[in-house]
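Below is one structure, written out as structure tokens; the observations come after it.
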Amino acid sequence: MLRGLYSAASGMDVQQAKIEILAKNLANTTTPGYKKDVIQARSFPELLLIQQGGPQRGAVTHAAVRKIGFMPSGTGIEKVFTEYAGSGGVKETRNPTDMMVKGPGFFAVNVPTREDPGRVCYTRNGAFKVDDEGYLVAFGNLRVLGEAGPVRVGNGDFKVNHDGTVVSGGVPRGKLRLVEFDDFEVLDKETDSIFVDTTGGAGRPADATTVRQGFLEVSNVDAVEEMTALMELMRVYETSQRLITQQDQLLGKAVNQVGSLR
């Protein structure tokens, strides 16, 4: 009975984690370039159940033992991974500071820390702005990087070519740093839209990615699909709650009635 409690409780833990992930995905439905997260669950090691034929001369012989089968002892979270495949589409904004990467690449942005002021991270969210100094920035104050450092577009009109070259006043001002990864597993999602290369050097200059100015990539979250999954998870969670209640009642009877001495 205790094993039943543990199995149901572990199932509730996994369902709760999935609900939180789905809620985060739904909250980022309108976030440009957002890639949804998915939880991969795993079962705990299965236990072999056997039936013993009862004592024979004080011991159980090998012949009296019969295998019944295997029973899982619960479930847990294997890992949380980001689903990079697929896109919600393209949204045209005609805003010159809005950009999208077409292809598998990422924009490079400077996300400084106290230990590493020049730290480089990556994003597909191209909803950029221009700060007071004329630099292209992401998420309010993170400077977008070009091949030669932060990209300064000035305070006038500018154009970004498909290869990432920034032209302002008819003069090239630099080229956006576009990075591709052969294996997305090296990326760790630091925030909803910022990724970190955990190896420190797996990225390479993009050769299959272009830039579209005046457009944004739509999140790959399907709101209807996520809402449907969320309702299913809530039902499973409620079922696990009822199982725990039933197991608790059975345990109470075993202790107070079956196990009582008369």
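Chain labels follow the order of the structure tokens: the first chain is A, the next B, and so on; residue numbering restarts at 1 in every chain, and ligands are counted from 1 in their shown order.
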
query: Could you pull the residues within 8 Å of Asp188 in chain A, counting only C-alpha atoms, minus those fewer than 3 positions along the same chain, as a PyMOL selection string?
result: chain A and resi 185+195-198

Write a file of the just-selected residues containing N, CA and C atoms, as a PDB file, in the first residue's frame.
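Final file, result_33.pdb:
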ATOM      1  N   GLU A 185      21.388  20.462 -28.596  1.00  0.00           N
ATOM      2  CA  GLU A 185      21.510  19.968 -27.229  1.00  0.00           C
ATOM      3  C   GLU A 185      22.534  20.772 -26.421  1.00  0.00           C
ATOM      4  N   PHE A 195      19.349  31.943 -25.011  1.00  0.00           N
ATOM      5  CA  PHE A 195      20.001  30.645 -24.933  1.00  0.00           C
ATOM      6  C   PHE A 195      21.496  30.814 -24.699  1.00  0.00           C
ATOM      7  N   VAL A 196      22.064  29.865 -23.967  1.00  0.00           N
ATOM      8  CA  VAL A 196      23.491  29.884 -23.651  1.00  0.00           C
ATOM      9  C   VAL A 196      24.143  28.646 -24.243  1.00  0.00           C
ATOM     10  N   ASP A 197      25.290  28.836 -24.864  1.00  0.00           N
ATOM     11  CA  ASP A 197      26.069  27.713 -25.385  1.00  0.00           C
ATOM     12  C   ASP A 197      26.838  27.097 -24.219  1.00  0.00           C
ATOM     13  N   THR A 198      26.430  25.923 -23.778  1.00  0.00           N
ATOM     14  CA  THR A 198      27.042  25.311 -22.597  1.00  0.00           C
ATOM     15  C   THR A 198      28.470  24.843 -22.848  1.00  0.00           C
TER      16      THR A 198
END

- request: Enumerate, as a count of residues only, the complete set of residues in range 57-262 of chain A that a backbone-based DSSP assignment places in helix (DSSP H, G or I).
  value: 42

query: Taking only C-alpha atoms into account, which of A:Gln247, A:Gln40, A:Thr239, A:Asn110 comes nearest Val14 in chain A?
result: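 The shortest atom-to-atom distance to Val14 in chain A comes from A:Gln40.
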
field: 9 Å contact set for Val144 in chain A, only C-alpha atoms, chain neighbours under 5 positions out, as a PyMOL selection string
entry: chain A and resi 107-110+128+135-138+149-152+176-177

message: At a cut-off of 8 Å, using only C-alpha atoms, what residues contact Lys36 in chain A? Leave out same-chain residues fewer than 3 positions from it and give the result as a list of chain:residue names.
response: A:Asn25, A:Thr82, A:Glu83, A:Tyr84, A:Ser219, A:Asn220, A:Val221

Write the selection just made, keeping N, CA and C atoms, as an mmCIF file, in the first residue's frame?
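Printed below is part02.cif as written:
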data_model
loop_
_atom_site.group_PDB
_atom_site.id
_atom_site.type_symbol
_atom_site.label_atom_id
_atom_site.label_comp_id
_atom_site.auth_asym_id
_atom_site.auth_seq_id
_atom_site.Cartn_x
_atom_site.Cartn_y
_atom_site.Cartn_z
ATOM 1 N N ASN A 25 4.487 27.874 -21.550
ATOM 2 C CA ASN A 25 4.353 27.906 -23.009
ATOM 3 C C ASN A 25 3.192 28.795 -23.430
ATOM 4 N N THR A 82 13.853 21.662 -25.154
ATOM 5 C CA THR A 82 13.213 22.683 -25.984
ATOM 6 C C THR A 82 12.975 22.133 -27.381
ATOM 7 N N GLU A 83 11.783 22.359 -27.897
ATOM 8 C CA GLU A 83 11.433 21.884 -29.224
ATOM 9 C C GLU A 83 11.729 23.003 -30.237
ATOM 10 N N TYR A 84 12.828 22.838 -30.954
ATOM 11 C CA TYR A 84 13.258 23.872 -31.902
ATOM 12 C C TYR A 84 12.556 23.741 -33.254
ATOM 13 N N SER A 219 5.860 32.518 -32.315
ATOM 14 C CA SER A 219 6.136 31.393 -31.419
ATOM 15 C C SER A 219 5.625 30.083 -32.003
ATOM 16 N N ASN A 220 6.322 28.990 -31.715
ATOM 17 C CA ASN A 220 5.876 27.679 -32.216
ATOM 18 C C ASN A 220 4.902 26.987 -31.265
ATOM 19 N N VAL A 221 4.328 27.755 -30.332
ATOM 20 C CA VAL A 221 3.336 27.214 -29.403
ATOM 21 C C VAL A 221 1.959 27.239 -30.059
#

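Residue nearest Ile19 in chain A within the list A:Ser168, A:Thr228, A:Gln246, A:Thr113: A:Thr228 [criterion: smallest interatomic distance, only C-alpha atoms].
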
message: Need to verify the contact set: Val218 in chain A, 9 Å, only C-alpha atoms, exclusion of same-chain residues closer than 6 positions in sequence. Can you return it as JSON, numbers by chain?
response: {"A": [29, 30, 31, 32, 33, 34, 87, 88, 89, 90, 91]}

message: With distances taken over only C-alpha atoms, which residue among A:Cys121, A:Thr209, A:Pro96, A:Lys175 lies nearest Asp157 in chain A?
response: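 Result for the nearest residue to Asp157 in chain A: A:Pro96.
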
In range 104-240 of chain A, what's strand (DSSP E or B) per DSSP? Answer as a CSV table (one decimal) with C-alpha atoms, in the first residue's frame?
chain,number,residue,atom,x,y,z
A,106,PHE,CA,20.3,32.8,-34.0
A,107,PHE,CA,21.1,36.4,-33.3
A,108,ALA,CA,24.0,37.0,-31.0
A,109,VAL,CA,23.5,39.4,-28.0
A,110,ASN,CA,25.8,40.6,-25.2
A,120,VAL,CA,27.6,36.2,-25.6
A,121,CYS,CA,24.2,34.5,-25.7
A,122,TYR,CA,21.7,33.8,-28.5
A,123,THR,CA,18.1,34.5,-29.3
A,127,ALA,CA,11.9,42.5,-31.5
A,129,LYS,CA,15.0,48.7,-30.4
A,130,VAL,CA,17.5,51.5,-30.7
A,135,TYR,CA,22.9,50.9,-30.7
A,136,LEU,CA,20.6,48.1,-31.6
A,137,VAL,CA,19.4,46.4,-28.4
A,138,ALA,CA,17.3,43.4,-27.4
A,142,LEU,CA,21.1,44.0,-24.2
A,143,ARG,CA,23.2,45.1,-27.2
A,144,VAL,CA,22.9,43.1,-30.4
A,145,LEU,CA,26.2,41.9,-31.7
A,146,GLY,CA,27.7,42.2,-35.1
A,149,GLY,CA,31.1,44.0,-31.8
A,150,PRO,CA,27.8,45.8,-30.9
A,152,ARG,CA,25.4,50.9,-34.0
A,158,PHE,CA,18.7,52.1,-41.7
A,159,LYS,CA,18.4,48.9,-43.7
A,160,VAL,CA,19.4,45.3,-43.0
A,165,THR,CA,24.6,43.7,-43.4
A,166,VAL,CA,23.4,46.9,-41.7
A,167,VAL,CA,23.4,50.0,-44.0
A,168,SER,CA,22.7,53.5,-42.6
A,171,VAL,CA,27.1,53.4,-45.6
A,172,PRO,CA,27.6,49.8,-44.3
A,173,ARG,CA,27.7,50.0,-40.5
A,174,GLY,CA,28.6,46.4,-39.9
A,175,LYS,CA,27.1,42.9,-40.2
A,176,LEU,CA,24.9,41.1,-37.8
A,178,LEU,CA,24.4,35.1,-37.1
A,179,VAL,CA,25.3,31.8,-35.4
A,180,GLU,CA,24.2,28.2,-36.2
A,187,LEU,CA,22.0,25.1,-25.8
A,188,ASP,CA,20.6,25.9,-22.4
A,189,LYS,CA,17.5,28.1,-22.1
A,195,PHE,CA,20.0,30.6,-24.9
A,196,VAL,CA,23.5,29.9,-23.7
A,197,ASP,CA,26.1,27.7,-25.4
A,204,ARG,CA,29.7,28.6,-36.0
A,205,PRO,CA,29.0,31.4,-38.5
A,210,THR,CA,19.1,34.9,-43.7
A,211,VAL,CA,17.5,38.0,-42.1
A,212,ARG,CA,14.2,39.6,-42.9
A,213,GLN,CA,13.8,43.2,-41.7
A,215,PHE,CA,9.1,40.8,-39.8
A,216,LEU,CA,9.0,38.7,-36.7
A,217,GLU,CA,9.0,35.0,-36.2

- prompt: Of the candidates A:Asp207, A:Asp182, A:Asp192, A:Glu78, which shows the shortest atom-to-atom distance to Ala41 in chain A, using only C-alpha atoms?
  reply: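 Closest residue, counting only C-alpha atoms: A:Glu78.
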
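Residue nearest Gln15 in chain A within the list A:Glu115, A:Glu238, A:Asp183, A:Asp163: A:Glu238 [criterion: smallest interatomic distance, only C-alpha atoms].
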